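J.: Dropping in query37.txt, with compact mmCIF, C-alpha atoms.
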# COMPACT_ATOMS: atom_id res chain seq x y z
CA MET Y 1 -34.84 -94.22 -2.06
CA ILE Y 2 -36.71 -94.19 -5.34
CA LYS Y 3 -38.30 -90.93 -4.32
CA ASN Y 4 -34.84 -89.46 -3.81
CA HIS Y 5 -33.64 -90.45 -7.23
CA PHE Y 6 -36.75 -89.06 -8.76
CA PHE Y 7 -36.20 -85.75 -7.02
CA ILE Y 8 -32.61 -85.49 -8.20
CA ALA Y 9 -33.64 -86.35 -11.73
CA ILE Y 10 -36.22 -83.59 -11.76
CA CYS Y 11 -33.74 -81.09 -10.39
CA LEU Y 12 -31.23 -82.02 -13.07
CA ALA Y 13 -33.85 -81.72 -15.76
CA LEU Y 14 -34.86 -78.28 -14.53
CA PHE Y 15 -31.26 -77.12 -14.36
CA THR Y 16 -30.48 -78.19 -17.89
CA PHE Y 17 -33.70 -76.59 -19.02
CA PHE Y 18 -32.93 -73.23 -17.46
CA TYR Y 19 -29.32 -73.40 -18.46
CA ALA Y 20 -30.35 -73.97 -22.05
CA CYS Y 21 -32.73 -71.05 -21.83
CA LYS Y 22 -29.99 -68.82 -20.57
CA GLN Y 23 -27.66 -69.85 -23.38
CA ASP Y 24 -30.30 -69.11 -25.92
CA LYS Y 25 -31.23 -65.70 -24.64
CA LYS Y 26 -31.80 -63.61 -27.72
CA LEU Y 27 -32.70 -60.01 -28.28
CA PRO Y 28 -35.97 -59.26 -30.06
CA PHE Y 29 -36.27 -58.00 -33.64
CA TYR Y 30 -37.88 -54.64 -34.33
CA GLY Y 31 -39.69 -53.29 -37.35
CA GLU Y 32 -41.58 -54.96 -40.15
CA ARG Y 33 -41.18 -58.61 -40.95
CA HIS Y 34 -42.50 -60.96 -43.56
CA ALA Y 35 -42.33 -64.64 -44.39
CA GLU Y 36 -40.33 -65.64 -47.41
CA THR Y 37 -39.82 -68.97 -49.06
CA VAL Y 38 -36.14 -69.69 -49.40
CA LYS Y 39 -34.24 -72.63 -50.86
CA ASP Y 40 -31.43 -74.04 -48.78
CA ALA Y 41 -28.25 -75.61 -50.12
CA ASN Y 42 -29.99 -78.90 -50.96
CA GLY Y 43 -32.72 -77.15 -52.90
CA THR Y 44 -35.43 -77.92 -50.36
CA GLU Y 45 -37.82 -75.10 -49.88
CA LYS Y 46 -38.58 -73.71 -46.46
CA ILE Y 47 -40.27 -70.66 -45.01
CA ASP Y 48 -38.15 -68.07 -43.24
CA THR Y 49 -38.95 -64.83 -41.47
CA VAL Y 50 -37.23 -61.85 -43.03
CA TYR Y 51 -36.73 -58.78 -40.84
CA GLN Y 52 -36.40 -55.13 -41.67
CA THR Y 53 -32.82 -54.09 -42.39
CA ILE Y 54 -30.91 -50.81 -42.65
CA PRO Y 55 -30.27 -50.01 -46.35
CA ASN Y 56 -26.96 -48.86 -47.82
CA TRP Y 57 -26.00 -45.33 -46.84
CA SER Y 58 -23.32 -42.78 -47.61
CA PHE Y 59 -22.54 -39.60 -45.65
CA LEU Y 60 -19.68 -37.27 -44.79
CA ASN Y 61 -18.11 -37.94 -41.41
CA GLN Y 62 -16.46 -35.55 -38.94
CA ASP Y 63 -13.23 -35.68 -40.94
CA SER Y 64 -15.10 -34.74 -44.15
CA VAL Y 65 -14.47 -38.25 -45.50
CA VAL Y 66 -17.20 -40.04 -47.45
CA THR Y 67 -18.31 -42.81 -45.14
CA THR Y 68 -20.66 -45.63 -46.10
CA ASN Y 69 -22.29 -48.67 -44.53
CA LYS Y 70 -18.97 -50.43 -45.24
CA ALA Y 71 -17.73 -48.81 -42.02
CA THR Y 72 -20.29 -50.70 -39.96
CA ASP Y 73 -20.72 -53.85 -42.08
CA GLY Y 74 -19.89 -56.94 -40.05
CA LYS Y 75 -20.13 -55.04 -36.76
CA ILE Y 76 -22.88 -54.29 -34.34
CA TYR Y 77 -23.45 -50.60 -33.82
CA ILE Y 78 -25.46 -48.05 -31.91
CA ALA Y 79 -27.09 -45.27 -33.93
CA ASP Y 80 -28.73 -42.06 -32.80
CA PHE Y 81 -29.97 -38.72 -34.13
CA PHE Y 82 -28.95 -35.40 -32.59
CA PHE Y 83 -27.60 -31.94 -33.44
CA THR Y 84 -24.74 -30.00 -31.92
CA SER Y 85 -26.67 -26.89 -30.88
CA CYS Y 86 -29.35 -28.94 -29.11
CA THR Y 87 -29.69 -27.70 -25.55
CA THR Y 88 -32.29 -30.14 -24.25
CA ILE Y 89 -32.02 -33.92 -24.57
CA CYS Y 90 -28.83 -34.30 -26.64
CA PRO Y 91 -26.34 -33.46 -23.89
CA THR Y 92 -27.96 -36.10 -21.69
CA MET Y 93 -28.07 -38.67 -24.51
CA HIS Y 94 -24.42 -38.22 -25.31
CA ARG Y 95 -23.36 -38.04 -21.67
CA ASN Y 96 -24.96 -41.47 -21.28
CA LEU Y 97 -23.73 -42.81 -24.63
CA MET Y 98 -20.21 -41.76 -23.61
CA THR Y 99 -20.36 -44.28 -20.76
CA VAL Y 100 -21.30 -47.03 -23.27
CA TYR Y 101 -18.52 -45.87 -25.59
CA ASN Y 102 -15.98 -45.99 -22.79
CA GLU Y 103 -17.06 -49.49 -21.83
CA PHE Y 104 -16.79 -50.92 -25.36
CA LYS Y 105 -14.05 -48.69 -26.76
CA SER Y 106 -11.60 -51.54 -27.12
CA ASN Y 107 -14.03 -53.99 -28.72
CA PRO Y 108 -13.44 -54.02 -32.50
CA ASP Y 109 -16.92 -55.47 -33.12
CA VAL Y 110 -18.78 -52.46 -31.72
CA MET Y 111 -19.27 -49.06 -33.35
CA PHE Y 112 -21.14 -45.82 -32.76
CA VAL Y 113 -22.91 -43.70 -35.36
CA SER Y 114 -24.49 -40.31 -34.64
CA HIS Y 115 -26.43 -38.58 -37.40
CA THR Y 116 -26.97 -34.85 -37.18
CA ILE Y 117 -30.43 -33.65 -38.17
CA ASP Y 118 -29.24 -30.04 -38.46
CA PHE Y 119 -28.38 -30.05 -42.16
CA LYS Y 120 -27.97 -26.25 -42.16
CA TYR Y 121 -25.36 -25.74 -39.49
CA ASP Y 122 -23.71 -29.04 -38.52
CA LYS Y 123 -21.13 -29.28 -41.30
CA PRO Y 124 -18.33 -31.86 -40.76
CA SER Y 125 -16.02 -29.26 -39.19
CA VAL Y 126 -18.70 -28.44 -36.62
CA LEU Y 127 -19.17 -32.13 -35.90
CA LYS Y 128 -15.42 -32.55 -35.47
CA LYS Y 129 -15.23 -29.81 -32.86
CA TYR Y 130 -18.24 -31.25 -31.08
CA ALA Y 131 -16.73 -34.76 -31.00
CA GLN Y 132 -13.45 -33.45 -29.64
CA LYS Y 133 -15.14 -31.42 -26.95
CA LEU Y 134 -17.28 -34.38 -25.97
CA GLY Y 135 -14.06 -36.36 -25.62
CA VAL Y 136 -14.27 -38.64 -28.66
CA ASP Y 137 -11.28 -39.29 -30.87
CA GLY Y 138 -10.76 -41.71 -33.75
CA SER Y 139 -13.12 -43.58 -36.03
CA LYS Y 140 -15.00 -45.84 -33.65
CA TRP Y 141 -17.67 -43.19 -33.19
CA GLN Y 142 -18.73 -41.65 -36.49
CA PHE Y 143 -20.55 -38.31 -36.58
CA LEU Y 144 -22.33 -38.12 -39.91
CA TYR Y 145 -23.58 -35.22 -42.00
CA GLY Y 146 -26.04 -35.58 -44.89
CA THR Y 147 -28.86 -33.87 -46.73
CA LYS Y 148 -32.14 -33.38 -44.94
CA ASP Y 149 -33.89 -35.89 -47.16
CA SER Y 150 -31.39 -38.69 -46.80
CA VAL Y 151 -31.03 -38.36 -43.03
CA TYR Y 152 -34.71 -37.84 -42.21
CA THR Y 153 -35.82 -40.75 -44.38
CA LEU Y 154 -33.23 -43.02 -42.83
CA ALA Y 155 -34.33 -41.96 -39.35
CA GLU Y 156 -38.05 -42.40 -39.80
CA LYS Y 157 -38.28 -45.31 -42.24
CA ASN Y 158 -35.29 -47.39 -41.27
CA TYR Y 159 -34.27 -46.64 -37.70
CA LEU Y 160 -37.86 -45.85 -36.64
CA VAL Y 161 -36.83 -42.64 -34.87
CA ALA Y 162 -39.04 -39.57 -35.26
CA VAL Y 163 -37.19 -36.40 -36.32
CA GLY Y 164 -38.29 -33.07 -37.73
CA GLU Y 165 -37.88 -29.34 -38.07
CA ASP Y 166 -40.10 -27.34 -35.76
CA SER Y 167 -39.86 -23.58 -35.55
CA THR Y 168 -41.77 -23.59 -32.26
CA ALA Y 169 -39.27 -25.88 -30.53
CA LYS Y 170 -36.57 -24.26 -28.39
CA ASP Y 171 -33.73 -25.15 -30.77
CA GLY Y 172 -35.68 -25.43 -34.02
CA TYR Y 173 -35.76 -29.22 -34.25
CA ILE Y 174 -37.57 -32.03 -32.51
CA HIS Y 175 -36.44 -35.62 -32.30
CA GLN Y 176 -36.60 -38.72 -30.19
CA GLY Y 177 -33.64 -39.65 -28.05
CA TYR Y 178 -33.42 -43.32 -28.92
CA LEU Y 179 -30.16 -45.23 -29.07
CA VAL Y 180 -30.83 -47.90 -31.67
CA LEU Y 181 -28.92 -51.19 -31.52
CA ILE Y 182 -28.18 -52.75 -34.93
CA ASP Y 183 -26.82 -56.28 -35.39
CA LYS Y 184 -24.21 -57.52 -37.85
CA ASP Y 185 -26.95 -58.30 -40.35
CA ARG Y 186 -28.26 -54.73 -40.20
CA ARG Y 187 -31.39 -55.65 -38.26
CA ILE Y 188 -32.79 -53.54 -35.39
CA ARG Y 189 -32.36 -55.41 -32.13
CA GLY Y 190 -33.08 -52.75 -29.53
CA ALA Y 191 -34.11 -49.14 -28.95
CA TYR Y 192 -33.18 -47.47 -25.68
CA ASP Y 193 -34.15 -44.02 -24.43
CA GLY Y 194 -30.76 -42.31 -24.24
CA THR Y 195 -32.01 -39.84 -21.64
CA LYS Y 196 -32.84 -42.58 -19.13
CA GLU Y 197 -29.95 -44.07 -17.22
CA ASP Y 198 -31.66 -47.40 -16.53
CA GLN Y 199 -32.32 -47.98 -20.23
CA VAL Y 200 -28.74 -47.13 -21.09
CA GLU Y 201 -27.63 -49.66 -18.46
CA GLN Y 202 -29.86 -52.22 -20.20
CA LEU Y 203 -28.13 -51.39 -23.50
CA LYS Y 204 -24.78 -52.12 -21.85
CA ARG Y 205 -26.06 -55.51 -20.78
CA ASP Y 206 -27.61 -56.28 -24.18
CA ILE Y 207 -24.50 -55.59 -26.28
CA PRO Y 208 -22.65 -58.69 -24.99
CA VAL Y 209 -25.82 -60.76 -25.48
CA LEU Y 210 -26.01 -59.67 -29.10
CA LEU Y 211 -22.31 -60.27 -29.65
CA ALA Y 212 -22.69 -63.78 -28.19
CA GLU Y 213 -25.24 -64.65 -30.89
CA TYR Y 214 -22.44 -64.51 -33.43
CA LYS Y 215 -19.97 -66.55 -31.44
CA LYS Y 216 -21.03 -69.99 -32.72
CA MET X 1 -33.69 -3.39 40.05
CA ARG X 2 -36.24 -2.02 37.60
CA LYS X 3 -33.45 -0.96 35.28
CA PHE X 4 -32.05 -4.45 35.42
CA ILE X 5 -35.37 -6.02 34.37
CA ILE X 6 -35.82 -3.58 31.50
CA HIS X 7 -32.30 -4.21 30.31
CA SER X 8 -32.77 -7.95 30.48
CA ILE X 9 -35.99 -7.79 28.49
CA LEU X 10 -34.32 -5.62 25.90
CA ILE X 11 -31.33 -7.89 25.54
CA CYS X 12 -33.55 -10.94 25.46
CA SER X 13 -35.73 -9.55 22.71
CA VAL X 14 -32.72 -8.54 20.64
CA ILE X 15 -31.36 -12.06 20.96
CA ALA X 16 -34.78 -13.50 20.15
CA ILE X 17 -35.04 -11.37 17.02
CA ILE X 18 -31.60 -12.45 15.88
CA ILE X 19 -32.38 -16.11 16.51
CA SER X 20 -35.73 -16.01 14.79
CA CYS X 21 -34.27 -14.12 11.86
CA GLN X 22 -31.57 -16.72 11.54
CA ASN X 23 -34.20 -19.37 11.67
CA GLN X 24 -36.18 -17.64 8.98
CA GLU X 25 -33.06 -17.55 6.86
CA THR X 26 -32.36 -21.23 7.46
CA ILE X 27 -35.92 -22.04 6.48
CA ASP X 28 -35.63 -19.90 3.36
CA LEU X 29 -32.34 -21.54 2.52
CA GLN X 30 -33.90 -24.98 2.81
CA ASN X 31 -36.84 -23.94 0.63
CA TYR X 32 -34.59 -22.41 -1.98
CA MET X 33 -32.36 -25.48 -1.95
CA SER X 34 -35.18 -27.93 -2.54
CA ASN X 35 -36.95 -25.85 -5.22
CA GLY X 36 -33.62 -24.99 -6.74
CA LYS X 37 -32.73 -28.65 -7.01
CA ASP X 38 -35.92 -29.36 -8.97
CA ILE X 39 -35.19 -26.52 -11.38
CA TYR X 40 -31.60 -27.69 -11.72
CA LYS X 41 -32.69 -31.21 -12.59
CA ALA X 42 -35.17 -29.99 -15.17
CA LYS X 43 -33.09 -27.28 -16.86
CA CYS X 44 -29.41 -27.54 -16.06
CA GLN X 45 -28.45 -31.11 -15.25
CA ASN X 46 -28.36 -32.22 -18.90
CA CYS X 47 -25.34 -30.00 -19.52
CA HIS X 48 -23.79 -29.47 -16.11
CA GLY X 49 -24.32 -33.00 -14.77
CA GLU X 50 -25.92 -34.48 -11.69
CA ASN X 51 -22.93 -33.57 -9.54
CA GLY X 52 -22.04 -30.37 -11.35
CA GLU X 53 -19.24 -32.16 -13.18
CA GLY X 54 -19.97 -30.55 -16.57
CA LEU X 55 -19.79 -32.32 -19.95
CA GLY X 56 -16.36 -32.60 -21.51
CA GLN X 57 -15.38 -29.27 -23.03
CA LEU X 58 -18.99 -28.66 -24.02
CA ALA X 59 -20.23 -27.44 -20.63
CA PRO X 60 -18.06 -26.32 -17.69
CA PRO X 61 -18.33 -27.85 -14.23
CA LEU X 62 -20.04 -25.90 -11.45
CA THR X 63 -17.46 -26.98 -8.91
CA ASP X 64 -15.07 -24.03 -9.28
CA SER X 65 -15.86 -22.22 -6.03
CA VAL X 66 -13.33 -19.51 -6.77
CA PHE X 67 -14.95 -18.66 -10.10
CA LEU X 68 -18.40 -18.73 -8.55
CA LYS X 69 -17.29 -16.42 -5.74
CA THR X 70 -15.51 -13.87 -7.88
CA ASN X 71 -18.45 -13.79 -10.29
CA LYS X 72 -21.09 -13.84 -7.60
CA ALA X 73 -22.74 -10.63 -8.77
CA ARG X 74 -23.27 -11.80 -12.34
CA LEU X 75 -24.32 -15.42 -11.79
CA ALA X 76 -27.99 -14.48 -11.88
CA CYS X 77 -27.47 -12.80 -15.25
CA ILE X 78 -25.61 -15.82 -16.64
CA ILE X 79 -28.40 -18.13 -15.54
CA LYS X 80 -31.20 -16.00 -16.92
CA ASN X 81 -29.59 -14.74 -20.14
CA GLY X 82 -27.05 -17.44 -20.91
CA ALA X 83 -23.45 -16.79 -21.85
CA SER X 84 -21.23 -16.97 -24.90
CA GLU X 85 -17.84 -15.71 -23.94
CA THR X 86 -14.57 -17.36 -23.07
CA LEU X 87 -14.71 -18.57 -19.50
CA VAL X 88 -11.85 -20.12 -17.58
CA ILE X 89 -13.08 -22.73 -15.11
CA HIS X 90 -10.60 -24.85 -13.16
CA ASP X 91 -7.85 -23.58 -15.49
CA LYS X 92 -9.64 -24.88 -18.58
CA THR X 93 -11.09 -22.69 -21.30
CA TYR X 94 -14.74 -22.98 -22.31
CA GLN X 95 -16.15 -21.27 -25.38
CA GLU X 96 -19.50 -22.92 -25.97
CA LYS X 97 -22.79 -21.14 -25.75
CA MET X 98 -25.07 -21.48 -22.78
CA PRO X 99 -28.70 -20.80 -23.69
CA GLY X 100 -30.74 -18.23 -21.77
CA PHE X 101 -33.76 -19.19 -19.73
CA PRO X 102 -36.19 -16.31 -20.20
CA GLU X 103 -38.99 -18.50 -18.82
CA LEU X 104 -37.41 -18.47 -15.35
CA ALA X 105 -38.94 -15.90 -13.01
CA ASP X 106 -36.61 -13.97 -10.69
CA ILE X 107 -37.52 -16.24 -7.80
CA ASP X 108 -36.63 -19.33 -9.87
CA VAL X 109 -33.27 -17.80 -10.77
CA ALA X 110 -32.64 -17.05 -7.09
CA GLN X 111 -33.50 -20.59 -6.06
CA VAL X 112 -31.44 -22.39 -8.66
CA MET X 113 -28.53 -20.02 -8.01
CA VAL X 114 -28.67 -20.70 -4.28
CA TYR X 115 -28.79 -24.42 -5.04
CA VAL X 116 -25.74 -24.29 -7.31
CA THR X 117 -23.69 -22.10 -4.99
CA ASN X 118 -24.40 -24.38 -2.03
CA SER X 119 -23.94 -27.77 -3.71
CA PHE X 120 -21.10 -29.62 -5.44
CA GLY X 121 -18.69 -28.50 -2.73
CA ASN X 122 -19.72 -24.82 -2.87
CA LYS X 123 -20.78 -22.99 0.28
CA GLN X 124 -21.75 -19.42 -0.42
CA GLY X 125 -24.81 -19.30 1.76
CA PHE X 126 -28.12 -17.60 1.17
CA VAL X 127 -28.95 -14.96 -1.43
CA SER X 128 -32.41 -13.49 -1.23
CA TYR X 129 -34.89 -12.98 -4.00
CA ASP X 130 -34.61 -9.17 -3.65
CA GLN X 131 -30.86 -9.21 -4.19
CA VAL X 132 -31.24 -11.42 -7.24
CA SER X 133 -33.98 -9.18 -8.62
CA THR X 134 -31.72 -6.16 -8.35
CA GLN X 135 -28.88 -8.04 -10.04
CA LEU X 136 -31.17 -9.07 -12.87
CA GLN X 137 -32.21 -5.48 -13.47
CA ASN X 138 -28.61 -4.51 -13.96
CA CYS X 139 -27.57 -7.25 -16.39
CA LYS X 140 -25.37 -6.05 -19.21
For this file, write the structure as structure tokens.
T.:
Amino acid sequence: MIKNHFFIAICLALFTFFYACKQDKKLPFYGERHAETVKDANGTEKIDTVYQTIPNWSFLNQDSVVTTNKATDGKIYIADFFFTSCTTICPTMHRNLMTVYNEFKSNPDVMFVSHTIDFKYDKPSVLKKYAQKLGVDGSKWQFLYGTKDSVYTLAEKNYLVAVGEDSTAKDGYIHQGYLVLIDKDRRIRGAYDGTKEDQVEQLKRDIPVLLAEYKK
Amino acid sequence: MRKFIIHSILICSVIAIIISCQNQETIDLQNYMSNGKDIYKAKCQNCHGENGEGLGQLAPPLTDSVFLKTNKARLACIIKNGASETLVIHDKTYQEKMPGFPELADIDVAQVMVYVTNSFGNKQGFVSYDQVSTQLQNCK
């Protein structure tokens, strides 16, 4: 009899434990971090970890409108780097990203941001045509054009995606095909290879997890 | 009686030749299909899709059997040299540029072409390397 009770108690304990774990499932943080001493409302000092964040940005979008980080502030978003005349990995990346877009199209808390790295050719009008032909309409998915410096620095320093010009590459540029997941506080919470279907599926599962973090 | 035997042997050997030729062609077709599939995955699938469904208005589907049949003679040239003209596929207009694949040897072009024209609902049958080679020499 006592044994039985004991067994049930342990089971219950384990269940609550795992349930709690599940509730608290959190995505990792990427990039640099450092400890900072912060004062809370009562003036008591405590040490907090501060993570790398995406800085302010300003680019032209596919409608030739100046678009800044205000468009994504307070939302989670998926960022990537591509160019319209890319004949290798970009079609696959955007074919896969399209499926994510279609799944979260109606969620106002989710956005998509694609930066072109072809500063010579991909003017906003070219981006517009590309978006339309891909099947994207409206402002939920922004296609952004900027100077080489601003885009390449943002890619390498802030989103941690390697990009570059390379005259020996088939289309003149090289870049990684990551889809980078950014949270509402501009921190990097995931990087998924957009050419691999299983990683894109993982991204689809992680977006609700990230959104749930803000639901308290 | 002797005539009968000779005739039978003759007929038999003709039949045998036909059968073995057919078999050779089936074997070739299978080889082309499996090599062609590998090439397709590596070079074409990104734009044309795993099931030949295309990519929006950026790349046309490869499921338009009528287009593929009427343009049979120039498919090899499209695959090797790319295309940048207005094409109408399944009643939709496509105007994007397909890159050329100069790195593909004639045999590769033949294999991937046979794969495409016998997948995704297409059934054009076998095209040999020699035929493709000749087509490639006459590209415009």
J.: Have a look at X:Leu68, X:Ile18, X:Cys47, X:Ala105 and name the one nearest to chain Y; count only C-alpha atoms.
T.: X:Cys47
J.: Counting all atoms listed in the file, I want the residues whose atoms come within 12 Å of (-22.1, -64.7, -35.0) in the file frame, returned as a short mmCIF file (atom, residue, chain, number, x, y, z; two decimals) with C-alpha atoms, in the frame of the given file.
T.:
data_model
loop_
_atom_site.label_atom_id
_atom_site.label_comp_id
_atom_site.auth_asym_id
_atom_site.auth_seq_id
_atom_site.Cartn_x
_atom_site.Cartn_y
_atom_site.Cartn_z
CA GLY Y 74 -19.89 -56.94 -40.05
CA LYS Y 75 -20.13 -55.04 -36.76
CA ILE Y 76 -22.88 -54.29 -34.34
CA ASP Y 109 -16.92 -55.47 -33.12
CA ASP Y 183 -26.82 -56.28 -35.39
CA LYS Y 184 -24.21 -57.52 -37.85
CA ASP Y 185 -26.95 -58.30 -40.35
CA PRO Y 208 -22.65 -58.69 -24.99
CA VAL Y 209 -25.82 -60.76 -25.48
CA LEU Y 210 -26.01 -59.67 -29.10
CA LEU Y 211 -22.31 -60.27 -29.65
CA ALA Y 212 -22.69 -63.78 -28.19
CA GLU Y 213 -25.24 -64.65 -30.89
CA TYR Y 214 -22.44 -64.51 -33.43
CA LYS Y 215 -19.97 -66.55 -31.44
CA LYS Y 216 -21.03 -69.99 -32.72
#
J.: Quick one: contact table of chain X to chain Y, 9 Å max, nearest atom pair and distance in Å to one decimal per residue, counting only C-alpha atoms, chain and number order, as a Markdown table?
T.:
| residue | atom | partner | partner_atom | distance |
| --- | --- | --- | --- | --- |
| X:Lys43 | CA | Y:Thr88 | CA | 8.0 |
| X:Gln45 | CA | Y:Thr92 | CA | 8.2 |
| X:Asn46 | CA | Y:Thr92 | CA | 4.8 |
| X:Cys47 | CA | Y:Pro91 | CA | 5.7 |
| X:Gly49 | CA | Y:Thr92 | CA | 8.4 |
| X:Leu55 | CA | Y:Leu134 | CA | 6.8 |
| X:Gly56 | CA | Y:Leu134 | CA | 4.9 |
| X:Gln57 | CA | Y:Lys133 | CA | 4.5 |
| X:Leu58 | CA | Y:Lys133 | CA | 5.6 |
| X:Lys97 | CA | Y:Ser85 | CA | 8.6 |
| X:Met98 | CA | Y:Thr87 | CA | 8.2 |
| X:Pro99 | CA | Y:Thr87 | CA | 7.2 |
J.: Next, the residues of the selection above should be written as a JSON list (two decimals), in the frame of the given file with C-alpha atoms.
T.:
[["chain", "number", "residue", "atom", "x", "y", "z"],
["X", 43, "LYS", "CA", -33.09, -27.28, -16.86],
["X", 45, "GLN", "CA", -28.45, -31.11, -15.25],
["X", 46, "ASN", "CA", -28.36, -32.22, -18.90],
["X", 47, "CYS", "CA", -25.34, -30.00, -19.52],
["X", 49, "GLY", "CA", -24.32, -33.00, -14.77],
["X", 55, "LEU", "CA", -19.79, -32.32, -19.95],
["X", 56, "GLY", "CA", -16.36, -32.60, -21.51],
["X", 57, "GLN", "CA", -15.38, -29.27, -23.03],
["X", 58, "LEU", "CA", -18.99, -28.66, -24.02],
["X", 97, "LYS", "CA", -22.79, -21.14, -25.75],
["X", 98, "MET", "CA", -25.07, -21.48, -22.78],
["X", 99, "PRO", "CA", -28.70, -20.80, -23.69]]
J.: Residues within 10 Å of Y:Thr37, please, as a ChimeraX atom specification. Count only C-alpha atoms; anything in the same chain fewer than 6 positions from it doesn't count.
T.: /Y:45-50
J.: For a test of reading the model, state the distance in Å between atom CA of Y:Ser167 and atom CA of X:Ile39, rounded to one decimal.
T.: 24.8 Å
J.: Considering only C-alpha atoms, state which residue in the set X:Ala73, X:Val66, X:Lys41, X:Ile107 is at the smallest distance from X:Val88.
T.: X:Val66
